[in-house]
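The structure appears below as structure tokens.
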Amino acid sequence: MASAWWPFLILSLLSSLADSSLLRSPLKLLEKRSVPEGVIDGIEVYSTKISCKVTSRFAHNVVTTRAVNRANMAKEVSFDVELPKTAFITNFTLTIDNVTYPGSIKEKEVAKKQYEKAVSQGKTAGLVKASGRKLEKFTVSVNVAAGSKVTFELTYEELLKRHKGKYEMYLKVQPKQLIRHFEIDVHIFEPQGISTLDAEASFITNDLLGSALSKSFSGKKGHVSFKPSLDQQRSCPTCTDSLLNGDFTITYDVNREYPANVQIVNGYFVHFFAPQGLPVVPKNVIFVIDVSGSMSGRKIEQTRDALLKILEDVREDDYLNFILFSGDVTTWKDQLVHATPENLQEAKSFVQSIYPRGATNINDALLRAIDMLKKAQENHEVPERHTSIIIMLTDGDANTGESRPEKIRENVLRGNEGKFPLYNLGFGNNLNYNFLESMALENNGLARRIYEDSDAHLQLQGFYEEVANPLLTGVEVEYPENTILDLTQNNYHHFYDGSEIIVAGRLADEDMNSFKADVKGQGAINHLTFTEEVDMKEAEKALTELDYIFGNYIERLWAYLTIEQLLDKRKNAQGEEKENLTAKALDLSLKYNFVTPLTSMIVTKPEDNEDQTAVADKPGEVSYQLPQKPYYYVDGDPHFIIQVPEKDDTICFNIDEDPGTVLRLIQDPVTGLTVNGQIIGDKTDSPDSKARKTYFGKLGITNAQMDFRLEVTTEKITLWNGAVQTTLNWLETVTVTQDGLSVTINRTKNMMVSFGDGVTFVVVLHRVWKKHPVHRDFLGLYVVDSHRMSEQTHGLLGQFFHPFDFEVSDIHPGSDPTKPDATMVVKNHRLTVTRGSQKDYRKGASVGTSVSCWFVHNNGKGLIDGVHTDYIVPNLF
């Protein structure tokens, strides 16, 4: 099973311990303890230091944590670091009692073999996983003998990109206990000189920061230090837990006396370009907005809010239009309109009238936008010097019209001809983000994920602000012929106010005295050329602040930028071109010791008298795709979820019954399969049936033809083959196979039951805190390949495995303004339904994704055949 888990990077590292209570991280303070201050479960973390050196936007960060085991027995110590997704890990070392175990970076396929070998022995898992919007988490744990000391040291590097006029360094601070020596120490060296420098912590007010934070800058140097005392770390004056839990952010910018700056060190150069004071190039912008059924509720509200705010910021000399797509494509106006106050007011009224409906036709919507921009230019409907962009927002995959991603990309690329940058915004996780990103990159734009959260509208506004003010178009950075080798990207469709263009390369002749760099672009009024005369000796002489410079930083900056751009190109390449790009990026990753998507870092640590191997990987962008086949499941309180692919929509309903009731979920007389579920309630039952929570606590799966029964509870799994009984528990990772049957348990997560070429059931285990006063563990049931069951299948869930039709109309505000009501006609019944959202836990109980659905009230009355009490059965088998 090791290879099956590799791509998902569900990663953490837990050592085998005699004391199972140590399986949680001993560094995380869960409650007040009557132990010496700073010591938790016998472990004292006495020092954590984050040391950062930033030279010309390139950041070199070292995180060092030191701990000692003050217990009289071996204990587990865990080291967690959250680092930016844009960073590359370059080194990790583990030192125990003066013996150092270094990490080594290898090609991913080589590392994968070591990883799988270790996993097959039950020893390890990976070390890095995605963590929130901006971060990845590196985690490693090790057993430390009584009285021994351990030091963890992680090094990573990143190029700080300029957004909205500032560079941002983002550090996650989360020690979760008091630490005697805690320090963040940041030194910044910028040859252009520092113009602004600020630092703030999300977890503490400026008044409380007091003497813990110091920040200063003068000339080329800046310094930020955050060094809270034990008392300053306390969550209250008498508390022993820490308030250090949040974001520590440093922002700065540099002087821009000249529009460009070139720096040279040891034969490598970097060219920064960010002119100031240019007039904004007016733009033509088309907003292509997904209004399919899945955008219902909070998503469409936040989209409306964001668009209304964006309309307030549109410049009067801009032109705009809206294209809405669901199953069909509609436009606000037949052509682009001038952003006059009157037109903007009309646009706001249009935005407020947007309501979701139907399927998702991405292909036709984008082609309509491209065609509209082309006609506007050809017919001189917009001024000649305007630049044009397309911004698309979608929350799902294309499922009507042309729905094949590769064909949509081909159509858009051919239609666009590189003329109009395409910016794709993916709302949430239920979409093919890789498709959106590839299509944007090959059309001179970029993709951005909009996270489903309370600030989604601010994320949308923030993106628009980044592209709202183009200062130059068609930017080309040129150098004298035959003087530069291995140049990074040197042409850009747009330069936006507040950003920066960075080009790096290698000098063909290190002995030349000077060279010239030209940046050419089209401004709002005329064509502009910015020329930078570079004196080699003066450029090198300027960089003599050795205390602030780490190694060949410009060479490493060039390598970082080159790898990043090769990986972007690789996303859209095919065949030999992709192989060549991969080879180049891999070679550079290994040469400069970067953990990239092509490499992994092998970490060796001592464990039970033998060295144990683990792997640190760089997770890719999660691109969760809804399955092409319909899916059905029941989970939670208990929520029945029915996906209807013909409608690109989902129906859901609840069953409210007393604990102990057994319900017939699936029954197929042809295959002999039956699935029943027994309801459990919360520990404290409410007399109010509307307030009480019920779940499935036990499932019974029977195959009469195989004389097989399976009982799944939240504590154990019992199998009967005839009269032969086998009992397993959720703490195991095990696969049981026999002719035509496979049962796989993934420790404390889920289990899969597959019947040969037939159906597969996935049971998800939801665990809650054992001492929770109300809630208890429960189960969810997911059906895979339901089409392999017969047409005679029935049951509360099984009856929907066959195609059925429904129509939704009269969508209108309901009692809850975030959940519209509608009329549904289904099975000759006219029902009032409500748009809601449920969770899909197929990826695991902790990785729930939202599923929008039409909720049928009253135990599914009118949707299910008969009434829900018809499905009550006397026992589980």
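Residue numbering restarts at 1 in every chain; chains get A, B, ... in the order shown in the structure tokens, and ligands count up from 1 in that same order.
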
Practice task
Give me the residues within 7 Å of range 389-405 of chain A as a ChimeraX atom specification, counting only C-alpha atoms and dropping any in the same chain fewer than 5 places off.
Solution key: /A:284-290,295,327,359-363,420-428,430-432,435

Dump of N, CA, C and O atoms for the selected residues, as an mmCIF file, in the first residue's frame:
data_model
loop_
_atom_site.group_PDB
_atom_site.id
_atom_site.type_symbol
_atom_site.label_atom_id
_atom_site.label_comp_id
_atom_site.auth_asym_id
_atom_site.auth_seq_id
_atom_site.Cartn_x
_atom_site.Cartn_y
_atom_site.Cartn_z
ATOM 1 N N ASN A 284 -9.020 47.478 -21.085
ATOM 2 C CA ASN A 284 -10.308 46.862 -21.388
ATOM 3 C C ASN A 284 -10.342 45.554 -20.605
ATOM 4 O O ASN A 284 -9.473 44.701 -20.797
ATOM 5 N N VAL A 285 -11.302 45.380 -19.743
ATOM 6 C CA VAL A 285 -11.346 44.169 -18.921
ATOM 7 C C VAL A 285 -12.714 43.506 -19.055
ATOM 8 O O VAL A 285 -13.753 44.170 -18.978
ATOM 9 N N ILE A 286 -12.681 42.209 -19.296
ATOM 10 C CA ILE A 286 -13.908 41.411 -19.315
ATOM 11 C C ILE A 286 -13.868 40.432 -18.141
ATOM 12 O O ILE A 286 -12.916 39.664 -17.996
ATOM 13 N N PHE A 287 -14.882 40.506 -17.296
ATOM 14 C CA PHE A 287 -15.018 39.585 -16.170
ATOM 15 C C PHE A 287 -15.885 38.410 -16.623
ATOM 16 O O PHE A 287 -17.051 38.607 -16.997
ATOM 17 N N VAL A 288 -15.326 37.219 -16.601
ATOM 18 C CA VAL A 288 -16.041 36.009 -17.016
ATOM 19 C C VAL A 288 -16.380 35.242 -15.739
ATOM 20 O O VAL A 288 -15.494 34.695 -15.077
ATOM 21 N N ILE A 289 -17.647 35.215 -15.370
ATOM 22 C CA ILE A 289 -18.056 34.763 -14.034
ATOM 23 C C ILE A 289 -18.902 33.493 -14.118
ATOM 24 O O ILE A 289 -19.900 33.439 -14.845
ATOM 25 N N ASP A 290 -18.502 32.496 -13.347
ATOM 26 C CA ASP A 290 -19.239 31.236 -13.224
ATOM 27 C C ASP A 290 -20.482 31.466 -12.371
ATOM 28 O O ASP A 290 -20.387 31.894 -11.218
ATOM 29 N N MET A 295 -22.231 27.568 -7.426
ATOM 30 C CA MET A 295 -21.858 28.873 -6.881
ATOM 31 C C MET A 295 -22.918 29.415 -5.923
ATOM 32 O O MET A 295 -22.783 30.544 -5.422
ATOM 33 N N GLY A 327 -24.993 26.699 -17.830
ATOM 34 C CA GLY A 327 -25.163 25.803 -18.964
ATOM 35 C C GLY A 327 -25.077 26.547 -20.281
ATOM 36 O O GLY A 327 -24.713 25.989 -21.310
ATOM 37 N N ALA A 359 -25.361 24.357 -15.281
ATOM 38 C CA ALA A 359 -24.092 23.641 -15.404
ATOM 39 C C ALA A 359 -22.924 24.620 -15.590
ATOM 40 O O ALA A 359 -23.019 25.797 -15.228
ATOM 41 N N THR A 360 -21.808 24.143 -16.197
ATOM 42 C CA THR A 360 -20.579 24.941 -16.277
ATOM 43 C C THR A 360 -19.987 24.846 -17.676
ATOM 44 O O THR A 360 -19.396 23.824 -18.041
ATOM 45 N N ASN A 361 -20.114 25.911 -18.462
ATOM 46 C CA ASN A 361 -19.631 25.932 -19.840
ATOM 47 C C ASN A 361 -18.467 26.923 -19.953
ATOM 48 O O ASN A 361 -18.641 28.066 -20.392
ATOM 49 N N ILE A 362 -17.277 26.498 -19.542
ATOM 50 C CA ILE A 362 -16.100 27.367 -19.538
ATOM 51 C C ILE A 362 -15.660 27.705 -20.962
ATOM 52 O O ILE A 362 -15.305 28.846 -21.282
ATOM 53 N N ASN A 363 -15.679 26.709 -21.836
ATOM 54 C CA ASN A 363 -15.151 26.872 -23.196
ATOM 55 C C ASN A 363 -15.839 28.018 -23.940
ATOM 56 O O ASN A 363 -15.185 28.949 -24.432
ATOM 57 N N PHE A 420 -4.392 38.485 -25.432
ATOM 58 C CA PHE A 420 -5.014 39.007 -24.220
ATOM 59 C C PHE A 420 -4.641 38.128 -23.024
ATOM 60 O O PHE A 420 -4.985 36.943 -23.000
ATOM 61 N N PRO A 421 -3.941 38.677 -22.015
ATOM 62 C CA PRO A 421 -3.622 37.882 -20.820
ATOM 63 C C PRO A 421 -4.896 37.352 -20.165
ATOM 64 O O PRO A 421 -5.894 38.072 -20.047
ATOM 65 N N LEU A 422 -4.833 36.084 -19.763
ATOM 66 C CA LEU A 422 -5.965 35.416 -19.122
ATOM 67 C C LEU A 422 -5.612 35.122 -17.675
ATOM 68 O O LEU A 422 -4.626 34.432 -17.396
ATOM 69 N N TYR A 423 -6.408 35.646 -16.752
ATOM 70 C CA TYR A 423 -6.194 35.413 -15.326
ATOM 71 C C TYR A 423 -7.331 34.533 -14.821
ATOM 72 O O TYR A 423 -8.505 34.924 -14.891
ATOM 73 N N ASN A 424 -6.982 33.347 -14.333
ATOM 74 C CA ASN A 424 -7.981 32.377 -13.870
ATOM 75 C C ASN A 424 -8.004 32.323 -12.353
ATOM 76 O O ASN A 424 -6.977 32.034 -11.722
ATOM 77 N N LEU A 425 -9.145 32.573 -11.768
ATOM 78 C CA LEU A 425 -9.317 32.511 -10.323
ATOM 79 C C LEU A 425 -10.153 31.276 -9.998
ATOM 80 O O LEU A 425 -11.310 31.180 -10.426
ATOM 81 N N GLY A 426 -9.579 30.341 -9.260
ATOM 82 C CA GLY A 426 -10.278 29.115 -8.887
ATOM 83 C C GLY A 426 -10.847 29.237 -7.493
ATOM 84 O O GLY A 426 -10.106 29.363 -6.522
ATOM 85 N N PHE A 427 -12.163 29.189 -7.373
ATOM 86 C CA PHE A 427 -12.852 29.415 -6.094
ATOM 87 C C PHE A 427 -13.032 28.075 -5.385
ATOM 88 O O PHE A 427 -13.822 27.235 -5.812
ATOM 89 N N GLY A 428 -12.284 27.852 -4.296
ATOM 90 C CA GLY A 428 -12.423 26.624 -3.520
ATOM 91 C C GLY A 428 -11.534 25.510 -4.037
ATOM 92 O O GLY A 428 -10.627 25.719 -4.847
ATOM 93 N N ASN A 430 -12.905 22.284 -5.149
ATOM 94 C CA ASN A 430 -13.580 21.292 -5.987
ATOM 95 C C ASN A 430 -13.430 21.628 -7.466
ATOM 96 O O ASN A 430 -14.409 21.774 -8.192
ATOM 97 N N LEU A 431 -12.191 21.755 -7.907
ATOM 98 C CA LEU A 431 -11.939 22.116 -9.296
ATOM 99 C C LEU A 431 -10.560 21.614 -9.701
ATOM 100 O O LEU A 431 -9.737 21.236 -8.879
ATOM 101 N N ASN A 432 -10.346 21.614 -11.014
ATOM 102 C CA ASN A 432 -9.066 21.182 -11.570
ATOM 103 C C ASN A 432 -8.154 22.398 -11.669
ATOM 104 O O ASN A 432 -8.082 23.064 -12.700
ATOM 105 N N PHE A 435 -5.498 22.576 -14.480
ATOM 106 C CA PHE A 435 -6.045 23.002 -15.773
ATOM 107 C C PHE A 435 -6.127 24.524 -15.858
ATOM 108 O O PHE A 435 -5.704 25.137 -16.849
#

Problem - Spatial neighbours of Lys333 in chain A, 12 Å, only C-alpha atoms, chain gap at least 2 places, as a ChimeraX atom specification - result: /A:286-287,319-324,330-331,335-338,343,346-347,350,369,372

Practice task
Select from range 155-377 of chain A everything DSSP, run on the backbone, classes as strand (DSSP E or B), then give the selection as a VMD selection string.
Solution key: chain A and resid 155 to 159 162 to 163 166 to 173 181 to 189 194 to 201 213 to 218 221 to 226 234 242 246 to 254 260 to 265 268 to 273 283 to 290 319 to 325 329 to 331 337 to 338

Exercise for the section: Return the single residue from A:Gly677, A:Pro275, A:Pro282, A:Pro102 that is closest to Phe877 in chain A, with distances computed using only C-alpha atoms. Expected result: A:Gly677

Exercise for the section: Would you mind listing what lies within 7 Å of range 54-61 of chain A as a list in words, with only C-alpha atoms counted and same-chain residues fewer than 6 positions away left out? Expected result: Thr155, Tyr156, Glu157, Glu158, Leu159, Leu160, His187, Ile188, Phe189, Glu190, Tyr548, Ile549 and Leu557 of chain A

Atoms to include: N, CA and C atoms. Write the selected residues as a CSV table (one decimal), in the first residue's frame.
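File produced: selection07.csv:
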chain,number,residue,atom,x,y,z
A,155,THR,N,17.0,24.8,7.0
A,155,THR,CA,17.4,25.9,6.2
A,155,THR,C,16.5,25.9,5.0
A,156,TYR,N,16.0,27.1,4.7
A,156,TYR,CA,15.2,27.3,3.4
A,156,TYR,C,15.5,28.6,2.8
A,157,GLU,N,15.3,28.8,1.5
A,157,GLU,CA,15.5,30.0,0.8
A,157,GLU,C,14.3,30.4,-0.1
A,158,GLU,N,14.1,31.7,-0.3
A,158,GLU,CA,13.0,32.1,-1.2
A,158,GLU,C,13.4,33.5,-1.7
A,159,LEU,N,12.8,33.8,-2.9
A,159,LEU,CA,13.0,35.1,-3.5
A,159,LEU,C,11.7,35.9,-3.2
A,160,LEU,N,11.9,37.0,-2.5
A,160,LEU,CA,10.7,37.8,-2.1
A,160,LEU,C,10.2,38.6,-3.3
A,187,HIS,N,18.2,40.3,9.3
A,187,HIS,CA,19.1,41.3,8.7
A,187,HIS,C,18.8,41.4,7.2
A,188,ILE,N,18.6,42.6,6.8
A,188,ILE,CA,18.3,42.9,5.4
A,188,ILE,C,19.4,43.8,4.8
A,189,PHE,N,19.9,43.5,3.7
A,189,PHE,CA,20.9,44.3,3.0
A,189,PHE,C,20.4,44.5,1.5
A,190,GLU,N,20.1,45.7,1.2
A,190,GLU,CA,19.7,46.1,-0.1
A,190,GLU,C,20.6,47.2,-0.7
A,548,TYR,N,26.6,40.7,5.7
A,548,TYR,CA,25.2,40.6,5.3
A,548,TYR,C,25.0,39.7,4.1
A,549,ILE,N,26.0,39.2,3.5
A,549,ILE,CA,25.9,38.5,2.3
A,549,ILE,C,26.2,37.0,2.6
A,557,LEU,N,20.2,33.0,-6.4
A,557,LEU,CA,19.0,33.7,-6.8
A,557,LEU,C,18.7,33.3,-8.3

Handout entry: Shortest interatomic distance to Gly756 in chain A - which of A:Thr529, A:Gln574, A:Ser589, A:Ser742, counting only C-alpha atoms
Key =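 When distances to Gly756 in chain A are compared using only C-alpha atoms, the smallest one comes from A:Ser742.
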
Exercise for the section: Using only C-alpha atoms, determine which residues lie at most 9 Å from Ile525 in chain A, disregarding the query and same-chain residues fewer than 2 positions distant; provide the list as number ranges by chain. Expected result: A: 279, 281, 385, 522-523, 527

Residues from last step as file, N, CA and C atoms, as an mmCIF file, in the first residue's frame:
data_model
loop_
_atom_site.group_PDB
_atom_site.id
_atom_site.type_symbol
_atom_site.label_atom_id
_atom_site.label_comp_id
_atom_site.auth_asym_id
_atom_site.auth_seq_id
_atom_site.Cartn_x
_atom_site.Cartn_y
_atom_site.Cartn_z
ATOM 1 N N PRO A 279 2.266 57.166 -16.064
ATOM 2 C CA PRO A 279 0.801 57.160 -16.107
ATOM 3 C C PRO A 279 0.272 55.748 -16.351
ATOM 4 N N VAL A 281 -1.747 52.784 -17.962
ATOM 5 C CA VAL A 281 -2.265 52.451 -19.283
ATOM 6 C C VAL A 281 -3.742 52.064 -19.120
ATOM 7 N N ARG A 385 -4.539 52.644 -27.772
ATOM 8 C CA ARG A 385 -3.476 52.402 -26.789
ATOM 9 C C ARG A 385 -3.964 51.655 -25.543
ATOM 10 N N GLN A 522 5.661 49.678 -24.039
ATOM 11 C CA GLN A 522 4.675 50.645 -24.509
ATOM 12 C C GLN A 522 3.962 51.250 -23.307
ATOM 13 N N GLY A 523 4.071 52.570 -23.153
ATOM 14 C CA GLY A 523 3.401 53.251 -22.058
ATOM 15 C C GLY A 523 2.023 53.732 -22.449
ATOM 16 N N HIS A 527 6.048 55.008 -26.670
ATOM 17 C CA HIS A 527 6.972 53.904 -26.464
ATOM 18 C C HIS A 527 8.139 54.398 -25.614
#

Exercise for the section: Tell me which protein, DNA and RNA residues are within 6 Å of Phe269 in chain A, counting only C-alpha atoms, leaving out same-chain ones fewer than 2 positions away, and put them as a list in words. Expected result: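 Residues near the query, excluding close chain neighbours: Gln263, Ile264, Ala504 and Gly505 of chain A.
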